Amino acid sequence: MRAQVIDDISEFRELRIAGSIEYRERSDGSLWGIAFVCLCGCGNESYLPMRGSGRPHEWDWDGNREAPTVSLSIFNTGMPCRWHGWLRAGEWQSC
Ligand SMILES: [Zn+2]
C-alpha cells in the first residue's frame with residue numbers, strides 16, 4: 001500500500017485513512033518524526049521518532065520525502081492489532 005503524505009494527520013482523524021503519513025518537523029525544518037495511521041484498518045495513529053529525537057526508540061529515514069524508507073521495522077505493540085511491517089520506498093509492507 002502506498003504511503004500517502006498529508007499535511008496534518010489530525011484533519012483525517014475521522015476518515016482515518018490507513019497508511020497516510022505526516023512529517024513533523026523542528027523549527028529548522030529537519031525531521032522530528034513521522035506520524036501515520038495504522039495499516040491494518042484499525043484507525044489508530046502512531047508515531048515514529050527519528051534518530052536524534054532523544055526518544056528511547058528511534059528510526060532512521062533515508063531523506064526521501066516522496067518515497068520514504070525508514071528502518072527499523074514498525075511494530076505497533078501499543079495497539080490491539082499489533083500490526084508489524086515496513087515502510088520502504090514509499091510503500092507499506094506487512095510482515
Ligand atoms: Zn492497526
# chains A, B, ... in the order shown; residues from 1 in each chain; ligands from 1
call {"tool": "residues_around", "arguments": {"residues": "Pro49 (chain A)", "least_positions_apart": "4", "cutoff": "10 Å", "atoms": "only C-alpha atoms", "output": "ChimeraX atom specification"}}
result
/A:24,31-35,53-61
call {"tool": "residues_near_ligand", "arguments": {"ligand": "ligand 1", "cutoff": "8 Å", "atoms": "only C-alpha atoms and all ligand atoms", "output": "list in words"}}
result
Cys38, Leu39, Cys40, Gly41, Cys42, Gly43, Asn44, Asn76, Met79, Pro80, Cys81, Arg82 and Trp83 of chain A
call {"tool": "write_last_selection", "arguments": {"atoms": "N, CA, C and O atoms", "output": "mmCIF file, in the first residue's frame"}}
result
data_model
loop_
_atom_site.group_PDB
_atom_site.id
_atom_site.type_symbol
_atom_site.label_atom_id
_atom_site.label_comp_id
_atom_site.auth_asym_id
_atom_site.auth_seq_id
_atom_site.Cartn_x
_atom_site.Cartn_y
_atom_site.Cartn_z
ATOM 1 N N CYS A 38 -2.409 3.554 11.201
ATOM 2 C CA CYS A 38 -2.088 2.127 11.108
ATOM 3 C C CYS A 38 -2.613 1.498 9.820
ATOM 4 O O CYS A 38 -3.686 1.832 9.320
ATOM 5 N N LEU A 39 -1.819 0.571 9.328
ATOM 6 C CA LEU A 39 -2.102 -0.071 8.045
ATOM 7 C C LEU A 39 -3.213 -1.089 8.088
ATOM 8 O O LEU A 39 -3.786 -1.430 7.064
ATOM 9 N N CYS A 40 -3.517 -1.597 9.266
ATOM 10 C CA CYS A 40 -4.444 -2.731 9.339
ATOM 11 C C CYS A 40 -5.894 -2.303 9.155
ATOM 12 O O CYS A 40 -6.758 -3.142 8.948
ATOM 13 N N GLY A 41 -6.132 -0.975 9.248
ATOM 14 C CA GLY A 41 -7.513 -0.505 9.144
ATOM 15 C C GLY A 41 -8.155 -0.229 10.489
ATOM 16 O O GLY A 41 -9.323 0.153 10.547
ATOM 17 N N CYS A 42 -7.384 -0.387 11.573
ATOM 18 C CA CYS A 42 -7.938 -0.157 12.908
ATOM 19 C C CYS A 42 -8.156 1.335 13.178
ATOM 20 O O CYS A 42 -8.898 1.695 14.089
ATOM 21 N N GLY A 43 -7.498 2.191 12.395
ATOM 22 C CA GLY A 43 -7.706 3.634 12.528
ATOM 23 C C GLY A 43 -6.837 4.304 13.563
ATOM 24 O O GLY A 43 -6.901 5.516 13.719
ATOM 25 N N ASN A 44 -6.012 3.540 14.252
ATOM 26 C CA ASN A 44 -5.155 4.135 15.270
ATOM 27 C C ASN A 44 -3.986 4.876 14.633
ATOM 28 O O ASN A 44 -3.493 4.503 13.571
ATOM 29 N N ASN A 76 3.504 -2.122 16.060
ATOM 30 C CA ASN A 76 2.551 -1.364 16.865
ATOM 31 C C ASN A 76 2.168 -2.136 18.130
ATOM 32 O O ASN A 76 1.037 -2.574 18.297
ATOM 33 N N MET A 79 -0.908 -1.101 20.291
ATOM 34 C CA MET A 79 -2.263 -1.186 19.733
ATOM 35 C C MET A 79 -2.779 -2.607 19.820
ATOM 36 O O MET A 79 -2.009 -3.561 19.738
ATOM 37 N N PRO A 80 -4.098 -2.739 19.926
ATOM 38 C CA PRO A 80 -4.664 -4.093 19.966
ATOM 39 C C PRO A 80 -4.310 -4.931 18.735
ATOM 40 O O PRO A 80 -4.127 -6.140 18.831
ATOM 41 N N CYS A 81 -4.191 -4.282 17.582
ATOM 42 C CA CYS A 81 -3.943 -5.036 16.342
ATOM 43 C C CYS A 81 -2.521 -5.587 16.280
ATOM 44 O O CYS A 81 -2.266 -6.565 15.584
ATOM 45 N N ARG A 82 -1.558 -4.898 16.933
ATOM 46 C CA ARG A 82 -0.152 -5.285 16.906
ATOM 47 C C ARG A 82 0.356 -5.462 15.474
ATOM 48 O O ARG A 82 1.080 -6.406 15.152
ATOM 49 N N TRP A 83 -0.013 -4.490 14.602
ATOM 50 C CA TRP A 83 0.459 -4.527 13.213
ATOM 51 C C TRP A 83 1.980 -4.442 13.188
ATOM 52 O O TRP A 83 2.579 -3.695 13.947
#
call {"tool": "select_by_dssp", "arguments": {"residues": "chain A", "states": "strand (DSSP E or B)", "output": "mmCIF file with N, CA, C and O atoms, in the first residue's frame"}}
result
data_model
loop_
_atom_site.group_PDB
_atom_site.id
_atom_site.type_symbol
_atom_site.label_atom_id
_atom_site.label_comp_id
_atom_site.auth_asym_id
_atom_site.auth_seq_id
_atom_site.Cartn_x
_atom_site.Cartn_y
_atom_site.Cartn_z
ATOM 1 N N ARG A 2 0.508 2.206 -0.833
ATOM 2 C CA ARG A 2 1.249 3.446 -0.964
ATOM 3 C C ARG A 2 1.088 4.289 0.306
ATOM 4 O O ARG A 2 -0.013 4.392 0.851
ATOM 5 N N GLN A 4 0.528 7.684 1.690
ATOM 6 C CA GLN A 4 0.041 8.974 1.200
ATOM 7 C C GLN A 4 0.476 10.069 2.174
ATOM 8 O O GLN A 4 0.115 10.044 3.348
ATOM 9 N N VAL A 5 1.262 11.032 1.681
ATOM 10 C CA VAL A 5 1.754 12.110 2.533
ATOM 11 C C VAL A 5 0.685 13.195 2.643
ATOM 12 O O VAL A 5 0.178 13.675 1.627
ATOM 13 N N SER A 20 -1.739 6.716 5.663
ATOM 14 C CA SER A 20 -1.370 8.120 5.452
ATOM 15 C C SER A 20 -0.313 8.523 6.479
ATOM 16 O O SER A 20 -0.303 8.040 7.619
ATOM 17 N N ILE A 21 0.608 9.379 6.062
ATOM 18 C CA ILE A 21 1.710 9.795 6.927
ATOM 19 C C ILE A 21 1.811 11.322 6.951
ATOM 20 O O ILE A 21 1.411 11.994 5.998
ATOM 21 N N GLU A 22 2.345 11.821 8.062
ATOM 22 C CA GLU A 22 2.575 13.259 8.206
ATOM 23 C C GLU A 22 3.987 13.458 8.724
ATOM 24 O O GLU A 22 4.377 12.867 9.737
ATOM 25 N N TYR A 23 4.748 14.322 8.042
ATOM 26 C CA TYR A 23 6.079 14.665 8.525
ATOM 27 C C TYR A 23 5.959 15.731 9.605
ATOM 28 O O TYR A 23 5.303 16.749 9.395
ATOM 29 N N ARG A 24 6.583 15.502 10.745
ATOM 30 C CA ARG A 24 6.621 16.508 11.808
ATOM 31 C C ARG A 24 8.054 17.030 11.906
ATOM 32 O O ARG A 24 8.986 16.242 12.057
ATOM 33 N N GLU A 25 8.179 18.338 11.811
ATOM 34 C CA GLU A 25 9.498 18.962 11.678
ATOM 35 C C GLU A 25 9.817 19.881 12.847
ATOM 36 O O GLU A 25 8.924 20.434 13.478
ATOM 37 N N LEU A 31 13.676 16.811 10.184
ATOM 38 C CA LEU A 31 12.580 15.895 10.516
ATOM 39 C C LEU A 31 12.670 15.412 11.963
ATOM 40 O O LEU A 31 13.669 14.834 12.376
ATOM 41 N N TRP A 32 11.592 15.642 12.684
ATOM 42 C CA TRP A 32 11.491 15.201 14.078
ATOM 43 C C TRP A 32 10.934 13.786 14.139
ATOM 44 O O TRP A 32 11.406 12.936 14.903
ATOM 45 N N GLY A 33 9.921 13.531 13.309
ATOM 46 C CA GLY A 33 9.326 12.202 13.300
ATOM 47 C C GLY A 33 8.244 12.106 12.245
ATOM 48 O O GLY A 33 7.922 13.080 11.570
ATOM 49 N N ILE A 34 7.705 10.904 12.107
ATOM 50 C CA ILE A 34 6.644 10.644 11.138
ATOM 51 C C ILE A 34 5.449 10.050 11.870
ATOM 52 O O ILE A 34 5.567 9.016 12.531
ATOM 53 N N ALA A 35 4.307 10.732 11.772
ATOM 54 C CA ALA A 35 3.053 10.187 12.285
ATOM 55 C C ALA A 35 2.368 9.422 11.160
ATOM 56 O O ALA A 35 2.495 9.784 9.992
ATOM 57 N N PHE A 36 1.666 8.365 11.523
ATOM 58 C CA PHE A 36 0.980 7.586 10.484
ATOM 59 C C PHE A 36 -0.266 6.917 11.049
ATOM 60 O O PHE A 36 -0.386 6.715 12.253
ATOM 61 N N VAL A 37 -1.173 6.607 10.155
ATOM 62 C CA VAL A 37 -2.374 5.863 10.522
ATOM 63 C C VAL A 37 -2.112 4.394 10.220
ATOM 64 O O VAL A 37 -1.651 4.041 9.125
ATOM 65 N N GLU A 45 -3.567 5.932 15.346
ATOM 66 C CA GLU A 45 -2.444 6.738 14.886
ATOM 67 C C GLU A 45 -1.215 6.377 15.697
ATOM 68 O O GLU A 45 -1.307 6.142 16.902
ATOM 69 N N SER A 46 -0.074 6.335 15.035
ATOM 70 C CA SER A 46 1.175 6.053 15.724
ATOM 71 C C SER A 46 2.231 7.047 15.258
ATOM 72 O O SER A 46 1.984 7.850 14.366
ATOM 73 N N TYR A 47 3.398 6.972 15.863
ATOM 74 C CA TYR A 47 4.425 7.975 15.626
ATOM 75 C C TYR A 47 5.800 7.334 15.666
ATOM 76 O O TYR A 47 6.081 6.524 16.547
ATOM 77 N N LEU A 48 6.629 7.707 14.701
ATOM 78 C CA LEU A 48 7.996 7.200 14.624
ATOM 79 C C LEU A 48 8.966 8.345 14.860
ATOM 80 O O LEU A 48 9.182 9.166 13.973
ATOM 81 N N PRO A 49 9.567 8.444 16.048
ATOM 82 C CA PRO A 49 10.588 9.462 16.268
ATOM 83 C C PRO A 49 11.854 9.130 15.478
ATOM 84 O O PRO A 49 12.279 7.976 15.443
ATOM 85 N N MET A 50 12.425 10.135 14.849
ATOM 86 C CA MET A 50 13.637 9.908 14.062
ATOM 87 C C MET A 50 14.884 10.019 14.936
ATOM 88 O O MET A 50 14.860 10.611 16.016
ATOM 89 N N TRP A 59 14.020 5.790 14.758
ATOM 90 C CA TRP A 59 14.140 5.218 13.424
ATOM 91 C C TRP A 59 15.073 6.067 12.571
ATOM 92 O O TRP A 59 15.258 7.250 12.833
ATOM 93 N N ASP A 60 15.615 5.452 11.537
ATOM 94 C CA ASP A 60 16.394 6.175 10.536
ATOM 95 C C ASP A 60 15.531 6.373 9.295
ATOM 96 O O ASP A 60 14.732 5.515 8.930
ATOM 97 N N TRP A 61 15.743 7.499 8.643
ATOM 98 C CA TRP A 61 14.980 7.872 7.450
ATOM 99 C C TRP A 61 15.974 8.171 6.344
ATOM 100 O O TRP A 61 17.029 8.752 6.599
ATOM 101 N N VAL A 70 12.123 3.944 5.971
ATOM 102 C CA VAL A 70 12.591 4.043 7.348
ATOM 103 C C VAL A 70 13.003 2.670 7.832
ATOM 104 O O VAL A 70 12.495 1.641 7.392
ATOM 105 N N SER A 71 13.956 2.656 8.725
ATOM 106 C CA SER A 71 14.340 1.431 9.412
ATOM 107 C C SER A 71 14.503 1.797 10.884
ATOM 108 O O SER A 71 14.818 2.927 11.206
ATOM 109 N N LEU A 72 14.189 0.978 11.657
ATOM 110 C CA LEU A 72 13.849 -0.428 11.749
ATOM 111 C C LEU A 72 12.454 -0.726 11.177
ATOM 112 O O LEU A 72 11.803 0.157 10.621
ATOM 113 N N SER A 73 12.020 -1.946 11.410
ATOM 114 C CA SER A 73 10.630 -2.264 11.120
ATOM 115 C C SER A 73 9.735 -1.558 12.141
ATOM 116 O O SER A 73 10.205 -1.041 13.148
ATOM 117 N N ILE A 74 8.444 -1.548 11.873
ATOM 118 C CA ILE A 74 7.464 -0.864 12.703
ATOM 119 C C ILE A 74 6.548 -1.916 13.319
ATOM 120 O O ILE A 74 5.957 -2.725 12.607
ATOM 121 N N PHE A 75 6.482 -1.881 14.641
ATOM 122 C CA PHE A 75 5.691 -2.887 15.355
ATOM 123 C C PHE A 75 4.792 -2.132 16.330
ATOM 124 O O PHE A 75 5.280 -1.547 17.296
ATOM 125 N N HIS A 84 2.588 -5.193 12.286
ATOM 126 C CA HIS A 84 4.041 -5.238 12.160
ATOM 127 C C HIS A 84 4.404 -5.204 10.682
ATOM 128 O O HIS A 84 3.855 -5.975 9.893
ATOM 129 N N GLY A 85 5.288 -4.278 10.320
ATOM 130 C CA GLY A 85 5.694 -4.222 8.918
ATOM 131 C C GLY A 85 6.766 -3.185 8.680
ATOM 132 O O GLY A 85 7.476 -2.771 9.597
ATOM 133 N N TRP A 86 6.889 -2.779 7.419
ATOM 134 C CA TRP A 86 7.955 -1.894 6.980
ATOM 135 C C TRP A 86 7.393 -0.756 6.140
ATOM 136 O O TRP A 86 6.353 -0.904 5.509
ATOM 137 N N LEU A 87 8.140 0.354 6.116
ATOM 138 C CA LEU A 87 7.896 1.420 5.149
ATOM 139 C C LEU A 87 9.152 1.525 4.288
ATOM 140 O O LEU A 87 10.219 1.930 4.767
ATOM 141 N N ARG A 88 9.022 1.125 3.031
ATOM 142 C CA ARG A 88 10.166 1.091 2.130
ATOM 143 C C ARG A 88 9.789 1.717 0.793
ATOM 144 O O ARG A 88 8.807 1.297 0.173
ATOM 145 N N GLU A 91 6.261 2.599 0.203
ATOM 146 C CA GLU A 91 5.272 1.526 0.217
ATOM 147 C C GLU A 91 5.280 0.834 1.572
ATOM 148 O O GLU A 91 6.344 0.501 2.108
ATOM 149 N N TRP A 92 4.078 0.623 2.111
ATOM 150 C CA TRP A 92 3.934 -0.141 3.344
ATOM 151 C C TRP A 92 3.909 -1.630 3.018
ATOM 152 O O TRP A 92 3.240 -2.057 2.066
ATOM 153 N N GLN A 93 4.623 -2.392 3.815
ATOM 154 C CA GLN A 93 4.653 -3.842 3.620
ATOM 155 C C GLN A 93 4.403 -4.510 4.965
ATOM 156 O O GLN A 93 5.117 -4.236 5.931
ATOM 157 N N SER A 94 3.390 -5.351 5.021
ATOM 158 C CA SER A 94 3.128 -6.096 6.245
ATOM 159 C C SER A 94 4.078 -7.271 6.365
ATOM 160 O O SER A 94 4.465 -7.864 5.359
#
call {"tool": "atom_distance", "arguments": {"atom1": "CA of Asp28 (chain A)", "atom2": "CA of Ile9 (chain A)"}}
result
20.6 Å
